[in-house]
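Q: Please find one structure pasted underneath; my questions will follow.
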Amino acid sequence: MRVRTGRAAPPVLLVHAGAWAIPEEEREAHASGVRAALAEGFAVLERGGSALDAVETAVAVMEDDPALNAGTGAVLDRDGEAVLDAGVMDGNSLRAGAVAAVRTIRNPVRVARRVLEATPHVLLVGRGAERFARREGFTPIVPAALITPRERARLAARRHEAPADTVGAIALDSAGRIAAAGSTGGTLGKIPGRVGDTPQVGAGLYADSGIGGAVATGWGEGVLRVGVCRAAVLLLEAGATPREAAVRPLARILERLSGRAGALVLAADGRFAAAHTTSFLAWGLGDASGAPPSVFLTAESPARASPGADPDRA
Ligand code: ASP
């Protein structure tokens, strides 16, 4: 197998908890979900762990957070069920693993990691994915364990702007490896069987060590149709800044499809950008500066706050 490794670099971890019009009363919960994921995920990098371990850890922390749309607390489909998707990609080997439409798995990102490591496939769905998880030693849960009262109420109310607090992470480790991961319950009131961008390589996530990686969130059908994360990494490869690489695919969704989304892009040299066409993007950054992890609800502030940020991000 041919493997590409990036150059040794100070580690960076970016995480997000979704892009949408996060209501005032939910902002603190989103910020604290991001903060907890950064703390645990960045500790992995600090211990010399791999980018793959860091993104898996960060995403699993957010899957367990009932305030976010992944794992426990995921949004419900039209039948009132929480049906989960997750994916992970290793930028060294370009291997990826994903599961979709699963209902009996507490941490789908961990099963996605096993798909990456233990199968020749990229994406397992439904009952096959659940059977694989059991064979790999994951204890099945009853589907109702994922459902929170808040999500039952949301499905009943079906507000115009649906919550989109999907979670994702992208990391660069000190050996130069880039990895990306994401996890979601999809979109509120989705048709049963619908799968969005989050577990799909090229759309919801992409990583190629030595170049960069990306994770996306927001309107999954738009992210899929534009192939946001593959587009972002191709732009980086062609010399675009992380900001351009994040903004251009999102602008295409807005202009051509009138849809909204957000993305995090991380280049192999540690530069990064966050961008969104939604009113909020809950995200944060952990790096080797020694400062506590920074958490933001829009893309505005961090350009100046972090030395790793893309210098032309205004
Ligand atoms: N992109 C996810 C999906 O369409 C939703 C989200 O990001 O919140 O499944």
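As shown in the structure tokens, the chain order sets the letters A, B, ...; within each chain, residues go from 1, and ligands are also counted from 1 in the order they appear.
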Taking only C-alpha atoms and all ligand atoms into account, produce a table as CSV in which each residue of chain A with an atom at most 6 Å from an atom of ligand 1 appears once, together with its shortest atom pair and the distance in Å to one decimal, ordered by chain and rising number.
A:
residue,atom,partner,partner_atom_place_in_ligand_line,distance
A:Gly18,CA,ligand 1,8 (O),5.4
A:Ala164,CA,ligand 1,8 (O),3.1
A:Asp165,CA,ligand 1,8 (O),4.6
A:Thr166,CA,ligand 1,8 (O),3.9
A:Gly186,CA,ligand 1,9 (O),3.2
A:Thr187,CA,ligand 1,9 (O),5.3
A:Gly196,CA,ligand 1,9 (O),3.9
A:Asp197,CA,ligand 1,1 (N),5.4
A:Thr198,CA,ligand 1,1 (N),5.4
A:Thr217,CA,ligand 1,7 (O),3.4
A:Gly218,CA,ligand 1,7 (O),3.7
A:Trp219,CA,ligand 1,4 (O),4.9
A:Gly220,CA,ligand 1,4 (O),3.1
Q: Take the residues from that selection and put them in a file with C-alpha atoms, as a JSON list (two decimals), in the first residue's frame.
A:
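Dumped to again.json:
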[["chain", "number", "residue", "atom", "x", "y", "z"],
["A", 18, "GLY", "CA", -23.26, 22.01, 13.26],
["A", 164, "ALA", "CA", -28.56, 20.80, 12.07],
["A", 165, "ASP", "CA", -26.20, 20.23, 14.96],
["A", 166, "THR", "CA", -24.32, 17.37, 13.33],
["A", 186, "GLY", "CA", -29.35, 13.53, 9.60],
["A", 187, "THR", "CA", -32.18, 15.97, 9.07],
["A", 196, "GLY", "CA", -26.99, 12.65, 3.89],
["A", 197, "ASP", "CA", -23.44, 13.82, 3.32],
["A", 198, "THR", "CA", -21.94, 13.13, 6.74],
["A", 217, "THR", "CA", -22.23, 20.26, 7.95],
["A", 218, "GLY", "CA", -25.59, 21.74, 7.05],
["A", 219, "TRP", "CA", -27.98, 20.82, 4.23],
["A", 220, "GLY", "CA", -26.69, 17.37, 3.31]]
Q: Residues near stretch 61-74 of chain A, anyone? I mean within 8 Å using only C-alpha atoms, not counting same-chain ones fewer than 2 positions away, as number ranges by chain.
A: A: 17, 29-30, 33-34, 36-37, 40, 57-59, 76, 82-84, 105-108, 145-148, 150-151, 163-167, 183-186
Q: Limited to N, CA and C atoms, could you put the picked residues into a file as a compact mmCIF listing (two decimals), in the first residue's frame?
A:
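Output saved as again_13.txt:
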# COMPACT_ATOMS: atom_id res chain seq x y z
N ALA A 17 -19.98 21.54 15.79
CA ALA A 17 -21.22 20.94 16.27
C ALA A 17 -22.39 21.50 15.46
N ALA A 29 -25.02 25.33 25.19
CA ALA A 29 -24.89 23.86 25.13
C ALA A 29 -24.00 23.46 23.95
N HIS A 30 -24.15 24.18 22.83
CA HIS A 30 -23.30 23.86 21.68
C HIS A 30 -21.83 24.17 21.98
N GLY A 33 -20.40 21.59 24.30
CA GLY A 33 -20.16 20.32 23.59
C GLY A 33 -18.87 20.38 22.80
N VAL A 34 -18.65 21.50 22.13
CA VAL A 34 -17.42 21.67 21.36
C VAL A 34 -16.21 21.68 22.29
N ALA A 36 -15.82 20.33 25.26
CA ALA A 36 -15.52 18.99 25.82
C ALA A 36 -14.85 18.11 24.77
N ALA A 37 -15.32 18.21 23.53
CA ALA A 37 -14.72 17.39 22.46
C ALA A 37 -13.28 17.81 22.20
N GLU A 40 -10.94 16.50 25.14
CA GLU A 40 -10.57 15.07 25.06
C GLU A 40 -9.81 14.74 23.80
N THR A 57 -12.14 10.20 18.97
CA THR A 57 -12.44 10.55 20.36
C THR A 57 -13.33 11.79 20.43
N ALA A 58 -12.96 12.84 19.67
CA ALA A 58 -13.73 14.09 19.72
C ALA A 58 -15.16 13.86 19.27
N VAL A 59 -15.34 13.09 18.20
CA VAL A 59 -16.69 12.86 17.69
C VAL A 59 -17.48 11.98 18.65
N LEU A 76 -34.95 13.11 14.87
CA LEU A 76 -35.76 11.93 14.54
C LEU A 76 -36.26 11.99 13.09
N ALA A 82 -34.49 7.57 15.74
CA ALA A 82 -33.14 8.14 15.58
C ALA A 82 -32.33 7.14 14.75
N VAL A 83 -31.95 7.56 13.56
CA VAL A 83 -31.26 6.66 12.62
C VAL A 83 -29.96 7.37 12.24
N LEU A 84 -28.84 6.72 12.54
CA LEU A 84 -27.56 7.43 12.59
C LEU A 84 -26.62 7.11 11.42
N ILE A 105 -26.63 1.40 17.64
CA ILE A 105 -25.21 1.64 17.93
C ILE A 105 -25.08 2.98 18.66
N ARG A 106 -24.45 2.94 19.81
CA ARG A 106 -24.35 4.16 20.62
C ARG A 106 -23.34 5.14 20.02
N ASN A 107 -22.21 4.63 19.55
CA ASN A 107 -21.17 5.48 18.99
C ASN A 107 -20.82 5.02 17.57
N PRO A 108 -21.61 5.44 16.61
CA PRO A 108 -21.36 4.98 15.23
C PRO A 108 -19.97 5.33 14.71
N ALA A 145 -33.01 4.19 23.29
CA ALA A 145 -32.02 4.81 24.17
C ALA A 145 -31.40 6.07 23.55
N LEU A 146 -31.52 6.21 22.23
CA LEU A 146 -30.94 7.38 21.56
C LEU A 146 -31.89 8.58 21.56
N ILE A 147 -33.15 8.33 21.93
CA ILE A 147 -34.19 9.35 21.73
C ILE A 147 -34.38 10.20 22.99
N THR A 148 -34.30 11.52 22.81
CA THR A 148 -34.49 12.43 23.95
C THR A 148 -35.86 13.11 23.84
N ARG A 150 -36.50 16.19 24.06
CA ARG A 150 -36.38 17.39 23.23
C ARG A 150 -36.60 17.05 21.76
N GLU A 151 -36.03 15.94 21.31
CA GLU A 151 -36.17 15.59 19.90
C GLU A 151 -37.59 15.13 19.57
N PRO A 163 -33.09 21.97 13.17
CA PRO A 163 -31.76 21.93 13.76
C PRO A 163 -30.81 21.11 12.91
N ALA A 164 -29.55 21.51 12.88
CA ALA A 164 -28.56 20.80 12.07
C ALA A 164 -27.27 20.74 12.87
N ASP A 165 -27.38 20.24 14.10
CA ASP A 165 -26.20 20.23 14.96
C ASP A 165 -25.42 18.91 14.88
N THR A 166 -25.25 18.46 13.66
CA THR A 166 -24.32 17.37 13.33
C THR A 166 -22.94 17.70 13.89
N VAL A 167 -22.12 16.67 14.12
CA VAL A 167 -20.79 16.94 14.68
C VAL A 167 -19.69 16.41 13.75
N SER A 183 -20.43 12.67 12.39
CA SER A 183 -21.50 11.79 12.86
C SER A 183 -22.79 12.60 12.95
N THR A 184 -23.92 11.97 12.63
CA THR A 184 -25.18 12.72 12.59
C THR A 184 -26.39 11.82 12.72
N GLY A 185 -27.51 12.44 13.08
CA GLY A 185 -28.81 11.79 12.95
C GLY A 185 -29.48 12.22 11.66
N GLY A 186 -28.80 13.07 10.88
CA GLY A 186 -29.35 13.53 9.60
C GLY A 186 -30.24 14.74 9.79
Q: Set the distance at 8 Å and use only C-alpha atoms: which residues neighbour A:Ala112 once local chain neighbours fewer than 3 positions away are removed? I'd like the list as a VMD selection string.
A: chain A and resid 86 to 88 97 to 99 108 to 109 115 to 116
Q: Suppose we keep C-alpha atoms; can you now write the selection as a PDB file, in the first residue's frame?
A:
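Full text of result-v8.pdb as output:
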ATOM      1  CA  ALA A  86     -21.012   8.393  10.694  1.00  0.00           C
ATOM      2  CA  GLY A  87     -17.747   8.285   8.794  1.00  0.00           C
ATOM      3  CA  VAL A  88     -14.001   8.572   9.302  1.00  0.00           C
ATOM      4  CA  GLY A  97     -14.926   3.701   6.981  1.00  0.00           C
ATOM      5  CA  ALA A  98     -18.569   4.626   7.436  1.00  0.00           C
ATOM      6  CA  VAL A  99     -21.906   3.342   8.655  1.00  0.00           C
ATOM      7  CA  PRO A 108     -21.362   4.981  15.230  1.00  0.00           C
ATOM      8  CA  VAL A 109     -18.030   6.765  14.697  1.00  0.00           C
ATOM      9  CA  VAL A 115     -15.038  -0.565   9.007  1.00  0.00           C
ATOM     10  CA  LEU A 116     -11.940   1.400   7.973  1.00  0.00           C
TER      11      LEU A 116
END
Q: Separation of atom CA of A:Leu205 and atom CA of A:Arg260, in Å?
A: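 According to the coordinates, atom CA of A:Leu205 and atom CA of A:Arg260 are separated by 16.7 Å.
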Q: So which one's closest to A:Cys229, A:Ile253, A:Val295, A:Ala275, A:Val265? Using only C-alpha atoms, please.
A: A:Val265
Q: Could you go through stretch 77-278 of chain A and tell me which residues DSSP, when run on the backbone, assigns to helix (DSSP H, G or I), listing them as JSON, numbers by chain?
A: {"A": [108, 109, 110, 111, 112, 113, 114, 115, 116, 117, 118, 126, 127, 128, 129, 130, 131, 132, 133, 134, 135, 143, 144, 145, 146, 149, 150, 151, 152, 153, 154, 155, 156, 157, 220, 221, 222, 223, 224, 225, 226, 228, 229, 230, 231, 232, 233, 234, 235, 236, 237, 242, 243, 244, 245, 246, 247, 248, 249, 250, 251, 252, 253, 254, 255, 256, 257]}
Q: Go through A:Val223, A:Leu266, A:Ala261, A:Ala133 one by one, measure the shortest atom-to-atom distance of each to A:Ala245 using only C-alpha atoms, and give the residue with the smallest value.
A: A:Leu266
Q: What does the structure give for the distance between atom CA of A:Arg271 and atom CA of A:Pro242, in Å to one decimal?
A: 6.8 Å
Q: Suppose you want the space between atom CA of A:Pro11 and atom CA of A:Arg47; what is it in Å?
A: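 Computed distance, atom CA of A:Pro11 to atom CA of A:Arg47, equals 10.7 Å.
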Q: Hey, which of A:Gly222, A:Gly128, A:Gly91, A:Pro10 ends up closest to A:Ser258? Count only C-alpha atoms.
A: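 Comparing A:Gly222, A:Gly128, A:Gly91, A:Pro10 against A:Ser258, the winner is A:Gly222.
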Q: Applying 9 Å and only C-alpha atoms, which residues near A:Ala180 remain after dropping the ones on its own chain fewer than 2 positions away? List them as a list of chain:residue names.
A: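 Contacts, in chain order: A:Ala51, A:Leu52, A:Val55, A:Glu56, A:Gly87, A:Val88, A:Met89, A:Asp90, A:Gly91, A:Gly168, A:Ala169, A:Ile170, A:Ala171, A:Ile178, A:Gly182, A:Leu205, A:Tyr206, A:Ala207, A:Gly213, A:Ala214, A:Val215.
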Q: Could you dump the residues just selected with C-alpha atoms as a compact mmCIF listing (two decimals), in the first residue's frame?
A:
# COMPACT_ATOMS: atom_id res chain seq x y z
CA ALA A 51 -5.06 12.21 14.17
CA LEU A 52 -7.36 9.24 13.60
CA VAL A 55 -11.06 12.72 15.60
CA GLU A 56 -12.69 9.47 16.72
CA GLY A 87 -17.75 8.29 8.79
CA VAL A 88 -14.00 8.57 9.30
CA MET A 89 -11.11 9.01 6.87
CA ASP A 90 -7.35 8.54 7.25
CA GLY A 91 -5.35 10.92 5.08
CA GLY A 168 -17.40 16.60 13.03
CA ALA A 169 -13.67 16.86 13.60
CA ILE A 170 -10.47 17.18 11.64
CA ALA A 171 -6.96 16.81 13.00
CA ILE A 178 -4.53 14.30 8.71
CA GLY A 182 -18.32 13.15 11.29
CA LEU A 205 -15.47 14.52 4.89
CA TYR A 206 -12.13 14.14 3.17
CA ALA A 207 -8.49 13.85 4.26
CA GLY A 213 -8.70 17.78 4.89
CA ALA A 214 -12.23 19.04 5.36
CA VAL A 215 -15.50 18.30 7.17
Q: Just want the 9 Å neighbourhood of A:Ala246, counted on only C-alpha atoms, with same-chain residues fewer than 6 positions away dropped. Output as a list of chain:residue names.
A: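 My list of contacting residues is A:Ala214, A:Val228, A:Cys229, A:Ala231, A:Ala232, A:Val233, A:Leu235, A:Gly262, A:Ala263, A:Leu264, A:Val265, A:Ala273, A:Ala274, A:Ala275, A:His276.
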Q: With a distance cut-off of 7 Å and only C-alpha atoms, select the neighbouring residues of A:Ala21, excluding the residue or stretch itself and same-chain residues fewer than 6 positions from it, and output the selection as a ChimeraX atom specification.
A: /A:278-280
Q: Write a file of the just-selected residues containing C-alpha atoms, as a PDB file, in the first residue's frame.
A:
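Generated output (again_36.pdb):
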ATOM      1  CA  THR A 278     -25.825  29.687   7.836  1.00  0.00           C
ATOM      2  CA  SER A 279     -26.190  32.253  10.601  1.00  0.00           C
ATOM      3  CA  PHE A 280     -24.127  30.171  13.045  1.00  0.00           C
TER       4      PHE A 280
END
Q: I want to know what sits within 8 Å of A:Ala9, based on only C-alpha atoms, with residues of the same chain fewer than 2 positions away left out; could you give that as number ranges by chain?
A: A: 7, 11, 172-176, 269-270
Q: Using N, CA and C atoms, can you export the residues from the last selection as a short mmCIF file (atom, residue, chain, number, x, y, z; two decimals), in the first residue's frame?
A:
data_model
loop_
_atom_site.label_atom_id
_atom_site.label_comp_id
_atom_site.auth_asym_id
_atom_site.auth_seq_id
_atom_site.Cartn_x
_atom_site.Cartn_y
_atom_site.Cartn_z
N ARG A 7 4.38 16.41 6.59
CA ARG A 7 5.59 16.70 7.37
C ARG A 7 5.23 16.90 8.83
N PRO A 11 0.56 19.80 16.37
CA PRO A 11 -0.79 19.26 16.16
C PRO A 11 -1.89 20.31 16.24
N LEU A 172 -4.68 17.30 12.59
CA LEU A 172 -3.33 17.11 12.06
C LEU A 172 -2.48 16.70 13.25
N ASP A 173 -1.81 15.54 13.16
CA ASP A 173 -1.01 15.13 14.32
C ASP A 173 0.46 15.47 14.11
N SER A 174 1.26 15.22 15.14
CA SER A 174 2.64 15.69 15.08
C SER A 174 3.47 14.91 14.07
N ALA A 175 2.94 13.80 13.55
CA ALA A 175 3.64 13.08 12.49
C ALA A 175 3.17 13.54 11.11
N GLY A 176 2.28 14.52 11.06
CA GLY A 176 1.82 15.06 9.78
C GLY A 176 0.63 14.33 9.19
N ASP A 269 -0.03 22.26 6.50
CA ASP A 269 0.92 23.07 7.27
C ASP A 269 0.27 23.68 8.52
N GLY A 270 -0.97 23.29 8.80
CA GLY A 270 -1.62 23.75 10.03
C GLY A 270 -2.49 24.98 9.84
#
